[in-house]
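Shown here: target05.txt, compact mmCIF, N, CA and C atoms.
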```txt
# COMPACT_ATOMS: atom_id res chain seq x y z
N MET A 1182 -9.68 1.66 -37.50
CA MET A 1182 -9.86 1.56 -36.08
C MET A 1182 -10.16 2.96 -35.53
N THR A 1183 -11.24 3.07 -34.79
CA THR A 1183 -11.60 4.33 -34.18
C THR A 1183 -11.43 4.21 -32.68
N SER A 1184 -10.73 5.15 -32.11
CA SER A 1184 -10.58 5.17 -30.66
C SER A 1184 -10.98 6.53 -30.15
N THR A 1185 -11.45 6.56 -28.92
CA THR A 1185 -11.90 7.81 -28.34
C THR A 1185 -11.02 8.20 -27.16
N LEU A 1186 -10.96 9.47 -26.93
CA LEU A 1186 -10.26 9.97 -25.75
C LEU A 1186 -11.16 9.73 -24.55
N ARG A 1187 -10.55 9.46 -23.43
CA ARG A 1187 -11.34 9.21 -22.22
C ARG A 1187 -10.97 10.26 -21.18
N ARG A 1188 -12.00 10.91 -20.64
CA ARG A 1188 -11.77 11.90 -19.58
C ARG A 1188 -11.40 11.20 -18.28
N GLY A 1189 -10.54 11.86 -17.54
CA GLY A 1189 -10.14 11.32 -16.25
C GLY A 1189 -9.33 12.33 -15.48
N TYR A 1190 -8.58 11.84 -14.50
CA TYR A 1190 -7.79 12.71 -13.63
C TYR A 1190 -6.43 12.07 -13.40
N TRP A 1191 -5.39 12.88 -13.46
CA TRP A 1191 -4.04 12.45 -13.15
C TRP A 1191 -3.76 12.90 -11.72
N CYS A 1192 -3.48 11.95 -10.85
CA CYS A 1192 -3.33 12.22 -9.42
C CYS A 1192 -1.89 11.95 -9.00
N VAL A 1193 -1.29 12.90 -8.32
CA VAL A 1193 0.11 12.80 -7.92
C VAL A 1193 0.24 13.16 -6.45
N CYS A 1194 1.09 12.42 -5.75
CA CYS A 1194 1.45 12.76 -4.37
C CYS A 1194 2.95 13.01 -4.34
N ALA A 1195 3.34 14.16 -3.81
CA ALA A 1195 4.76 14.51 -3.73
C ALA A 1195 5.05 15.14 -2.37
N THR A 1196 6.29 15.04 -1.95
CA THR A 1196 6.72 15.70 -0.72
C THR A 1196 7.77 16.75 -1.06
N ASP A 1197 7.87 17.72 -0.19
CA ASP A 1197 8.85 18.79 -0.36
C ASP A 1197 9.41 19.12 1.02
N SER A 1198 10.71 19.09 1.15
CA SER A 1198 11.36 19.41 2.41
C SER A 1198 11.37 20.92 2.60
N LEU A 1199 11.04 21.35 3.80
CA LEU A 1199 11.05 22.78 4.12
C LEU A 1199 12.37 23.19 4.78
N ARG A 1200 13.28 22.26 4.93
CA ARG A 1200 14.60 22.56 5.50
C ARG A 1200 15.48 23.22 4.47
N TRP A 1201 16.46 23.95 4.93
CA TRP A 1201 17.41 24.61 4.03
C TRP A 1201 18.63 23.71 3.90
N PRO A 1202 19.23 23.47 2.79
CA PRO A 1202 18.77 23.93 1.48
C PRO A 1202 17.65 23.04 0.97
N ARG A 1203 16.72 23.67 0.32
CA ARG A 1203 15.56 22.94 -0.18
C ARG A 1203 15.87 22.31 -1.52
N GLY A 1204 15.43 21.10 -1.66
CA GLY A 1204 15.51 20.43 -2.96
C GLY A 1204 14.15 20.54 -3.62
N GLY A 1205 14.02 19.94 -4.74
CA GLY A 1205 12.73 19.93 -5.40
C GLY A 1205 11.82 18.89 -4.78
N PRO A 1206 10.60 18.87 -5.22
CA PRO A 1206 9.66 17.88 -4.68
C PRO A 1206 10.06 16.46 -5.08
N ALA A 1207 9.74 15.52 -4.21
CA ALA A 1207 10.00 14.11 -4.48
C ALA A 1207 8.68 13.42 -4.75
N LEU A 1208 8.56 12.80 -5.88
CA LEU A 1208 7.34 12.10 -6.26
C LEU A 1208 7.21 10.84 -5.42
N LEU A 1209 6.05 10.67 -4.78
CA LEU A 1209 5.80 9.47 -3.98
C LEU A 1209 4.92 8.47 -4.72
N ALA A 1210 3.88 8.98 -5.39
CA ALA A 1210 2.94 8.09 -6.07
C ALA A 1210 2.18 8.87 -7.11
N ALA A 1211 1.69 8.15 -8.10
CA ALA A 1211 0.84 8.75 -9.13
C ALA A 1211 -0.13 7.68 -9.62
N ILE A 1212 -1.37 8.08 -9.83
CA ILE A 1212 -2.37 7.14 -10.35
C ILE A 1212 -3.22 7.86 -11.39
N ASP A 1213 -3.88 7.07 -12.20
CA ASP A 1213 -4.88 7.62 -13.10
C ASP A 1213 -6.25 7.25 -12.53
N ALA A 1214 -7.14 8.21 -12.48
CA ALA A 1214 -8.49 7.99 -11.98
C ALA A 1214 -9.47 8.34 -13.09
N TYR A 1215 -10.57 7.63 -13.13
CA TYR A 1215 -11.53 7.85 -14.21
C TYR A 1215 -12.81 8.53 -13.76
N SER A 1216 -12.84 8.96 -12.49
CA SER A 1216 -13.98 9.74 -12.00
C SER A 1216 -13.49 10.66 -10.89
N ALA A 1217 -14.27 11.71 -10.63
CA ALA A 1217 -13.93 12.64 -9.55
C ALA A 1217 -13.93 11.92 -8.21
N SER A 1218 -14.90 11.03 -8.01
CA SER A 1218 -14.97 10.31 -6.74
C SER A 1218 -13.77 9.39 -6.54
N GLN A 1219 -13.31 8.76 -7.60
CA GLN A 1219 -12.13 7.90 -7.50
C GLN A 1219 -10.89 8.74 -7.16
N ALA A 1220 -10.78 9.91 -7.75
CA ALA A 1220 -9.63 10.78 -7.50
C ALA A 1220 -9.61 11.28 -6.06
N ASP A 1221 -10.73 11.81 -5.57
CA ASP A 1221 -10.70 12.35 -4.20
C ASP A 1221 -10.67 11.23 -3.17
N ARG A 1222 -11.17 10.05 -3.51
CA ARG A 1222 -11.10 8.90 -2.61
C ARG A 1222 -9.64 8.48 -2.40
N TRP A 1223 -8.83 8.59 -3.45
CA TRP A 1223 -7.41 8.24 -3.34
C TRP A 1223 -6.74 9.12 -2.28
N VAL A 1224 -7.04 10.42 -2.31
CA VAL A 1224 -6.47 11.34 -1.32
C VAL A 1224 -7.02 11.01 0.07
N ALA A 1225 -8.33 10.77 0.17
CA ALA A 1225 -8.95 10.49 1.46
C ALA A 1225 -8.36 9.25 2.11
N VAL A 1226 -8.18 8.19 1.35
CA VAL A 1226 -7.60 6.96 1.90
C VAL A 1226 -6.17 7.22 2.39
N ALA A 1227 -5.40 7.96 1.62
CA ALA A 1227 -4.03 8.27 2.02
C ALA A 1227 -4.02 9.09 3.31
N LEU A 1228 -4.87 10.11 3.40
CA LEU A 1228 -4.90 10.94 4.61
C LEU A 1228 -5.34 10.15 5.83
N ARG A 1229 -6.35 9.31 5.68
CA ARG A 1229 -6.78 8.49 6.82
C ARG A 1229 -5.68 7.53 7.25
N THR A 1230 -4.93 7.03 6.29
CA THR A 1230 -3.88 6.07 6.59
C THR A 1230 -2.72 6.71 7.35
N ILE A 1231 -2.31 7.90 6.92
CA ILE A 1231 -1.14 8.52 7.56
C ILE A 1231 -1.48 9.40 8.75
N SER A 1232 -2.74 9.77 8.94
CA SER A 1232 -3.09 10.73 10.00
C SER A 1232 -2.62 10.33 11.40
N PRO A 1233 -2.64 9.04 11.78
CA PRO A 1233 -2.14 8.71 13.13
C PRO A 1233 -0.64 9.02 13.31
N ALA A 1234 0.12 9.07 12.22
CA ALA A 1234 1.56 9.34 12.33
C ALA A 1234 1.90 10.82 12.23
N LEU A 1235 0.92 11.66 11.91
CA LEU A 1235 1.18 13.08 11.74
C LEU A 1235 1.20 13.79 13.08
N ASP A 1236 1.89 14.94 13.13
CA ASP A 1236 1.84 15.75 14.34
C ASP A 1236 0.44 16.35 14.46
N ALA A 1237 0.14 16.97 15.60
CA ALA A 1237 -1.21 17.44 15.87
C ALA A 1237 -1.72 18.43 14.82
N ALA A 1238 -0.90 19.38 14.43
CA ALA A 1238 -1.33 20.40 13.46
C ALA A 1238 -1.61 19.77 12.10
N ALA A 1239 -0.75 18.88 11.66
CA ALA A 1239 -0.94 18.22 10.37
C ALA A 1239 -2.16 17.32 10.39
N SER A 1240 -2.37 16.63 11.50
CA SER A 1240 -3.54 15.77 11.64
C SER A 1240 -4.82 16.60 11.56
N GLU A 1241 -4.80 17.78 12.20
CA GLU A 1241 -5.95 18.69 12.11
C GLU A 1241 -6.21 19.12 10.67
N GLU A 1242 -5.14 19.45 9.93
CA GLU A 1242 -5.28 19.83 8.52
C GLU A 1242 -5.91 18.68 7.73
N ALA A 1243 -5.43 17.48 7.98
CA ALA A 1243 -5.94 16.31 7.26
C ALA A 1243 -7.42 16.10 7.54
N TRP A 1244 -7.81 16.12 8.80
CA TRP A 1244 -9.21 15.87 9.15
C TRP A 1244 -10.11 17.03 8.74
N ALA A 1245 -9.58 18.24 8.70
CA ALA A 1245 -10.39 19.37 8.21
C ALA A 1245 -10.73 19.16 6.75
N TRP A 1246 -9.76 18.69 5.95
CA TRP A 1246 -10.06 18.42 4.54
C TRP A 1246 -11.04 17.26 4.43
N LEU A 1247 -10.84 16.21 5.22
CA LEU A 1247 -11.72 15.04 5.15
C LEU A 1247 -13.16 15.40 5.50
N HIS A 1248 -13.34 16.33 6.46
CA HIS A 1248 -14.70 16.67 6.89
C HIS A 1248 -15.33 17.80 6.09
N ALA A 1249 -14.55 18.77 5.65
CA ALA A 1249 -15.13 19.93 4.97
C ALA A 1249 -14.57 20.16 3.57
N GLY A 1250 -13.28 20.03 3.41
CA GLY A 1250 -12.65 20.34 2.14
C GLY A 1250 -12.90 19.33 1.04
N ARG A 1251 -13.18 18.11 1.41
CA ARG A 1251 -13.35 17.05 0.40
C ARG A 1251 -14.54 17.34 -0.52
N LEU A 1252 -15.61 17.84 0.03
CA LEU A 1252 -16.79 18.15 -0.78
C LEU A 1252 -16.47 19.24 -1.80
N GLU A 1253 -15.75 20.27 -1.39
CA GLU A 1253 -15.38 21.34 -2.32
C GLU A 1253 -14.40 20.82 -3.38
N THR A 1254 -13.51 19.95 -2.98
CA THR A 1254 -12.60 19.34 -3.95
C THR A 1254 -13.39 18.57 -5.00
N ARG A 1255 -14.36 17.77 -4.56
CA ARG A 1255 -15.17 17.00 -5.51
C ARG A 1255 -15.91 17.92 -6.46
N ARG A 1256 -16.48 18.99 -5.94
CA ARG A 1256 -17.20 19.95 -6.80
C ARG A 1256 -16.26 20.56 -7.84
N SER A 1257 -15.06 20.93 -7.42
CA SER A 1257 -14.09 21.51 -8.35
C SER A 1257 -13.70 20.51 -9.43
N LEU A 1258 -13.50 19.27 -9.03
CA LEU A 1258 -13.14 18.23 -10.01
C LEU A 1258 -14.26 18.01 -11.01
N LEU A 1259 -15.49 18.04 -10.54
CA LEU A 1259 -16.62 17.86 -11.46
C LEU A 1259 -16.73 19.02 -12.45
N ARG A 1260 -16.20 20.20 -12.06
CA ARG A 1260 -16.14 21.34 -12.98
C ARG A 1260 -14.88 21.28 -13.84
N ARG A 1261 -14.12 20.19 -13.71
CA ARG A 1261 -12.88 19.96 -14.47
C ARG A 1261 -11.79 20.97 -14.09
N GLU A 1262 -11.74 21.35 -12.83
CA GLU A 1262 -10.72 22.26 -12.32
C GLU A 1262 -9.67 21.46 -11.54
N PRO A 1263 -8.41 21.81 -11.67
CA PRO A 1263 -7.38 21.11 -10.89
C PRO A 1263 -7.49 21.45 -9.40
N CYS A 1264 -7.06 20.51 -8.58
CA CYS A 1264 -7.14 20.70 -7.12
C CYS A 1264 -5.87 20.22 -6.46
N THR A 1265 -5.57 20.81 -5.32
CA THR A 1265 -4.46 20.32 -4.50
C THR A 1265 -4.91 20.23 -3.06
N VAL A 1266 -4.35 19.28 -2.36
CA VAL A 1266 -4.56 19.11 -0.93
C VAL A 1266 -3.16 19.05 -0.33
N THR A 1267 -2.91 19.90 0.68
CA THR A 1267 -1.57 19.97 1.26
C THR A 1267 -1.64 19.84 2.77
N VAL A 1268 -0.72 19.06 3.31
CA VAL A 1268 -0.58 18.89 4.75
C VAL A 1268 0.90 19.09 5.06
N THR A 1269 1.20 19.86 6.10
CA THR A 1269 2.59 20.08 6.49
C THR A 1269 2.85 19.39 7.82
N HIS A 1270 3.77 18.44 7.78
CA HIS A 1270 4.15 17.67 8.98
C HIS A 1270 5.62 17.95 9.27
N ALA A 1271 5.89 18.51 10.44
CA ALA A 1271 7.25 18.87 10.83
C ALA A 1271 7.88 19.72 9.73
N GLN A 1272 8.93 19.24 9.10
CA GLN A 1272 9.61 20.01 8.05
C GLN A 1272 9.32 19.46 6.65
N THR A 1273 8.19 18.78 6.53
CA THR A 1273 7.84 18.18 5.24
C THR A 1273 6.44 18.59 4.82
N ARG A 1274 6.34 19.05 3.59
CA ARG A 1274 5.02 19.38 3.02
C ARG A 1274 4.64 18.22 2.09
N ILE A 1275 3.44 17.67 2.30
CA ILE A 1275 2.92 16.58 1.47
C ILE A 1275 1.78 17.17 0.65
N THR A 1276 1.86 17.02 -0.67
CA THR A 1276 0.86 17.61 -1.55
C THR A 1276 0.30 16.56 -2.50
N TRP A 1277 -1.01 16.48 -2.53
CA TRP A 1277 -1.71 15.67 -3.51
C TRP A 1277 -2.27 16.63 -4.55
N SER A 1278 -1.96 16.39 -5.81
CA SER A 1278 -2.45 17.22 -6.91
C SER A 1278 -3.33 16.36 -7.81
N ILE A 1279 -4.44 16.91 -8.20
CA ILE A 1279 -5.36 16.20 -9.10
C ILE A 1279 -5.65 17.12 -10.27
N HIS A 1280 -5.36 16.63 -11.48
CA HIS A 1280 -5.55 17.43 -12.69
C HIS A 1280 -6.46 16.70 -13.66
N PRO A 1281 -7.47 17.39 -14.17
CA PRO A 1281 -8.30 16.78 -15.22
C PRO A 1281 -7.45 16.57 -16.47
N VAL A 1282 -7.61 15.41 -17.10
CA VAL A 1282 -6.85 15.08 -18.30
C VAL A 1282 -7.73 14.32 -19.29
N LEU A 1283 -7.21 14.20 -20.48
CA LEU A 1283 -7.79 13.31 -21.48
C LEU A 1283 -6.78 12.19 -21.68
N PHE A 1284 -7.20 10.97 -21.41
CA PHE A 1284 -6.31 9.83 -21.59
C PHE A 1284 -6.36 9.39 -23.04
N LEU A 1285 -5.18 9.21 -23.61
CA LEU A 1285 -5.06 8.74 -24.98
C LEU A 1285 -5.07 7.22 -24.99
N PRO A 1286 -5.83 6.62 -25.87
CA PRO A 1286 -5.81 5.15 -25.93
C PRO A 1286 -4.50 4.66 -26.51
N LEU A 1287 -4.06 3.55 -26.04
CA LEU A 1287 -2.84 2.94 -26.57
C LEU A 1287 -3.19 2.07 -27.77
N VAL A 1288 -2.23 1.89 -28.62
CA VAL A 1288 -2.42 1.01 -29.77
C VAL A 1288 -2.52 -0.43 -29.24
N PRO A 1289 -3.52 -1.16 -29.69
CA PRO A 1289 -3.64 -2.55 -29.21
C PRO A 1289 -2.41 -3.38 -29.58
N ARG A 1290 -2.00 -4.21 -28.68
CA ARG A 1290 -0.86 -5.07 -28.91
C ARG A 1290 -1.32 -6.35 -29.60
N GLN A 1291 -0.48 -6.86 -30.45
CA GLN A 1291 -0.76 -8.13 -31.10
C GLN A 1291 0.31 -9.12 -30.69
N ALA A 1292 -0.09 -10.36 -30.52
CA ALA A 1292 0.86 -11.39 -30.16
C ALA A 1292 1.83 -11.60 -31.32
N PRO A 1293 3.09 -11.87 -30.99
CA PRO A 1293 4.04 -12.13 -32.09
C PRO A 1293 3.65 -13.39 -32.86
N GLU A 1294 3.86 -13.35 -34.14
CA GLU A 1294 3.46 -14.49 -34.97
C GLU A 1294 4.58 -15.49 -35.08
```
Kindly present the structure from the file in structure tokens form.
Amino acid sequence: MTSTLRRGYWCVCATDSLRWPRGGPALLAAIDAYSASQADRWVAVALRTISPALDAAASEEAWAWLHAGRLETRRSLLRREPCTVTVTHAQTRITWSIHPVLFLPLVPRQAPE
């Protein structure tokens, strides 16, 4: 059996409290994406979804990335470079991280006999 590695992106969304004492980041979501467009689209959908609930400064950060930063993010991903998008709302920093990866194929499962 021959299997090949598949290129893709590991996408993570985490929050970090800026209040004292600070804890570590809290993982909110993670997905695997198989193209740069799928990876940056995941961030774009999340930002559009939460932007009405963000304070004015955070909403501005979100829309600045959606209008200008998204294209640079896509270019970086196509060069296989990791990217992050960060928005700070009140005392919480929300960070989306996208890392190029090679996905390992899983061994095919067989039904029990």
Chain A: residues DSSP assigns to strand (DSSP E), reported as number ranges by chain
A: 1187-1198, 1207-1214, 1264-1270, 1273-1284
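Counting all atoms listed in the file, the residue from A:Arg1188, A:Tyr1215, A:Arg1203, A:Ala1243 that sits nearest to Leu1228 in chain A is A:Ala1243.
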Next item on the list: Would you kindly return, as an MDAnalysis selection string, each protein, DNA or RNA residue with an atom no farther than 7 Å from any atom of Ala1210 in chain A, considering only N, CA and C atoms and excluding same-chain residues fewer than 3 positions away?
Entry: chainID A and resid 1192:1195 1207
Deliver the residues from the most recent selection as a file, using N, CA and C atoms, as a CSV table (one decimal), in the coordinates of the input.
```csv
chain,number,residue,atom,x,y,z
A,1192,CYS,N,-3.5,12.0,-10.8
A,1192,CYS,CA,-3.3,12.2,-9.4
A,1192,CYS,C,-1.9,12.0,-9.0
A,1193,VAL,N,-1.3,12.9,-8.3
A,1193,VAL,CA,0.1,12.8,-7.9
A,1193,VAL,C,0.2,13.2,-6.4
A,1194,CYS,N,1.1,12.4,-5.8
A,1194,CYS,CA,1.4,12.8,-4.4
A,1194,CYS,C,3.0,13.0,-4.3
A,1195,ALA,N,3.3,14.2,-3.8
A,1195,ALA,CA,4.8,14.5,-3.7
A,1195,ALA,C,5.0,15.1,-2.4
A,1207,ALA,N,9.7,15.5,-4.2
A,1207,ALA,CA,10.0,14.1,-4.5
A,1207,ALA,C,8.7,13.4,-4.8
```
- Item | Pick from A:Asp1221, A:Thr1196, A:Phe1284, A:Asp1236 nearest to Arg1256 in chain A, counting only C-alpha atoms |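 Ranked by minimum distance to Arg1256 in chain A, first place goes to A:Asp1221.
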Check your understanding: Can you list every residue in chain A that DSSP puts in helix (DSSP H, G or I), as a ChimeraX atom specification?
Key -> /A:1217-1234,1237-1259
Using N, CA and C atoms, can you export the residues from the last selection as a short mmCIF file (atom, residue, chain, number, x, y, z; two decimals), in the coordinates of the input?
```cif
data_model
loop_
_atom_site.label_atom_id
_atom_site.label_comp_id
_atom_site.auth_asym_id
_atom_site.auth_seq_id
_atom_site.Cartn_x
_atom_site.Cartn_y
_atom_site.Cartn_z
N ALA A 1217 -14.27 11.71 -10.63
CA ALA A 1217 -13.93 12.64 -9.55
C ALA A 1217 -13.93 11.92 -8.21
N SER A 1218 -14.90 11.03 -8.01
CA SER A 1218 -14.97 10.31 -6.74
C SER A 1218 -13.77 9.39 -6.54
N GLN A 1219 -13.31 8.76 -7.60
CA GLN A 1219 -12.13 7.90 -7.50
C GLN A 1219 -10.89 8.74 -7.16
N ALA A 1220 -10.78 9.91 -7.75
CA ALA A 1220 -9.63 10.78 -7.50
C ALA A 1220 -9.61 11.28 -6.06
N ASP A 1221 -10.73 11.81 -5.57
CA ASP A 1221 -10.70 12.35 -4.20
C ASP A 1221 -10.67 11.23 -3.17
N ARG A 1222 -11.17 10.05 -3.51
CA ARG A 1222 -11.10 8.90 -2.61
C ARG A 1222 -9.64 8.48 -2.40
N TRP A 1223 -8.83 8.59 -3.45
CA TRP A 1223 -7.41 8.24 -3.34
C TRP A 1223 -6.74 9.12 -2.28
N VAL A 1224 -7.04 10.42 -2.31
CA VAL A 1224 -6.47 11.34 -1.32
C VAL A 1224 -7.02 11.01 0.07
N ALA A 1225 -8.33 10.77 0.17
CA ALA A 1225 -8.95 10.49 1.46
C ALA A 1225 -8.36 9.25 2.11
N VAL A 1226 -8.18 8.19 1.35
CA VAL A 1226 -7.60 6.96 1.90
C VAL A 1226 -6.17 7.22 2.39
N ALA A 1227 -5.40 7.96 1.62
CA ALA A 1227 -4.03 8.27 2.02
C ALA A 1227 -4.02 9.09 3.31
N LEU A 1228 -4.87 10.11 3.40
CA LEU A 1228 -4.90 10.94 4.61
C LEU A 1228 -5.34 10.15 5.83
N ARG A 1229 -6.35 9.31 5.68
CA ARG A 1229 -6.78 8.49 6.82
C ARG A 1229 -5.68 7.53 7.25
N THR A 1230 -4.93 7.03 6.29
CA THR A 1230 -3.88 6.07 6.59
C THR A 1230 -2.72 6.71 7.35
N ILE A 1231 -2.31 7.90 6.92
CA ILE A 1231 -1.14 8.52 7.56
C ILE A 1231 -1.48 9.40 8.75
N SER A 1232 -2.74 9.77 8.94
CA SER A 1232 -3.09 10.73 10.00
C SER A 1232 -2.62 10.33 11.40
N PRO A 1233 -2.64 9.04 11.78
CA PRO A 1233 -2.14 8.71 13.13
C PRO A 1233 -0.64 9.02 13.31
N ALA A 1234 0.12 9.07 12.22
CA ALA A 1234 1.56 9.34 12.33
C ALA A 1234 1.90 10.82 12.23
N ALA A 1237 0.14 16.97 15.60
CA ALA A 1237 -1.21 17.44 15.87
C ALA A 1237 -1.72 18.43 14.82
N ALA A 1238 -0.90 19.38 14.43
CA ALA A 1238 -1.33 20.40 13.46
C ALA A 1238 -1.61 19.77 12.10
N ALA A 1239 -0.75 18.88 11.66
CA ALA A 1239 -0.94 18.22 10.37
C ALA A 1239 -2.16 17.32 10.39
N SER A 1240 -2.37 16.63 11.50
CA SER A 1240 -3.54 15.77 11.64
C SER A 1240 -4.82 16.60 11.56
N GLU A 1241 -4.80 17.78 12.20
CA GLU A 1241 -5.95 18.69 12.11
C GLU A 1241 -6.21 19.12 10.67
N GLU A 1242 -5.14 19.45 9.93
CA GLU A 1242 -5.28 19.83 8.52
C GLU A 1242 -5.91 18.68 7.73
N ALA A 1243 -5.43 17.48 7.98
CA ALA A 1243 -5.94 16.31 7.26
C ALA A 1243 -7.42 16.10 7.54
N TRP A 1244 -7.81 16.12 8.80
CA TRP A 1244 -9.21 15.87 9.15
C TRP A 1244 -10.11 17.03 8.74
N ALA A 1245 -9.58 18.24 8.70
CA ALA A 1245 -10.39 19.37 8.21
C ALA A 1245 -10.73 19.16 6.75
N TRP A 1246 -9.76 18.69 5.95
CA TRP A 1246 -10.06 18.42 4.54
C TRP A 1246 -11.04 17.26 4.43
N LEU A 1247 -10.84 16.21 5.22
CA LEU A 1247 -11.72 15.04 5.15
C LEU A 1247 -13.16 15.40 5.50
N HIS A 1248 -13.34 16.33 6.46
CA HIS A 1248 -14.70 16.67 6.89
C HIS A 1248 -15.33 17.80 6.09
N ALA A 1249 -14.55 18.77 5.65
CA ALA A 1249 -15.13 19.93 4.97
C ALA A 1249 -14.57 20.16 3.57
N GLY A 1250 -13.28 20.03 3.41
CA GLY A 1250 -12.65 20.34 2.14
C GLY A 1250 -12.90 19.33 1.04
N ARG A 1251 -13.18 18.11 1.41
CA ARG A 1251 -13.35 17.05 0.40
C ARG A 1251 -14.54 17.34 -0.52
N LEU A 1252 -15.61 17.84 0.03
CA LEU A 1252 -16.79 18.15 -0.78
C LEU A 1252 -16.47 19.24 -1.80
N GLU A 1253 -15.75 20.27 -1.39
CA GLU A 1253 -15.38 21.34 -2.32
C GLU A 1253 -14.40 20.82 -3.38
N THR A 1254 -13.51 19.95 -2.98
CA THR A 1254 -12.60 19.34 -3.95
C THR A 1254 -13.39 18.57 -5.00
N ARG A 1255 -14.36 17.77 -4.56
CA ARG A 1255 -15.17 17.00 -5.51
C ARG A 1255 -15.91 17.92 -6.46
N ARG A 1256 -16.48 18.99 -5.94
CA ARG A 1256 -17.20 19.95 -6.80
C ARG A 1256 -16.26 20.56 -7.84
N SER A 1257 -15.06 20.93 -7.42
CA SER A 1257 -14.09 21.51 -8.35
C SER A 1257 -13.70 20.51 -9.43
N LEU A 1258 -13.50 19.27 -9.03
CA LEU A 1258 -13.14 18.23 -10.01
C LEU A 1258 -14.26 18.01 -11.01
N LEU A 1259 -15.49 18.04 -10.54
CA LEU A 1259 -16.62 17.86 -11.46
C LEU A 1259 -16.73 19.02 -12.45
#
```
Worksheet item: A:Thr1276, A:His1270, A:Pro1281, A:Thr1185: which is nearest Ala1234 in chain A, counting only C-alpha atoms?
Response: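 Between A:Thr1276, A:His1270, A:Pro1281, A:Thr1185, the residue approaching Ala1234 in chain A most closely is A:His1270.
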Would you mind telling me which residue in A:Ser1257, A:Val1282, A:Leu1247, A:Gly1205 lies nearest to Trp1223 in chain A when using only C-alpha atoms?
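Checking each candidate against Trp1223 in chain A, we get A:Leu1247 as the closest.
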Please determine an axis-aligned box that encloses all atoms of range 1209-1228 of chain A listed in the file, with 8 Å added on each side, and express its centre and edge lengths in Å to one decimal as JSON.
```
{"center_x": -4.5, "center_y": 9.8, "center_z": -4.2, "size_x": 37.0, "size_y": 21.7, "size_z": 36.0}
```
Across A:Ala1220, A:Leu1258, A:Ala1214, A:Val1268, the smallest distance to Ala1238 in chain A, with all atoms listed in the file counted, is shown by A:Val1268
Notebook entry, point to check: With only C-alpha atoms as the atoms that count, which of A:Ser1216, A:Thr1254, A:Thr1230, A:Gln1272 lies nearest to Arg1187 in chain A?
Noted result: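 Once distances to Arg1187 in chain A are computed over only C-alpha atoms, the minimum belongs to A:Ser1216.
Picture a line from atom C of Pro1263 in chain A to CA of Leu1287 in chain A; it runs 25.7 Å.
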From CA of Leu1199 in chain A to atom C of Ala1271 in chain A the spacing works out at 7.1 Å
Kindly give the distance, in Å, that separates CA of Ser1240 in chain A and CA of Thr1267 in chain A, rounded to a single decimal.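 So the answer is 11.4 Å.
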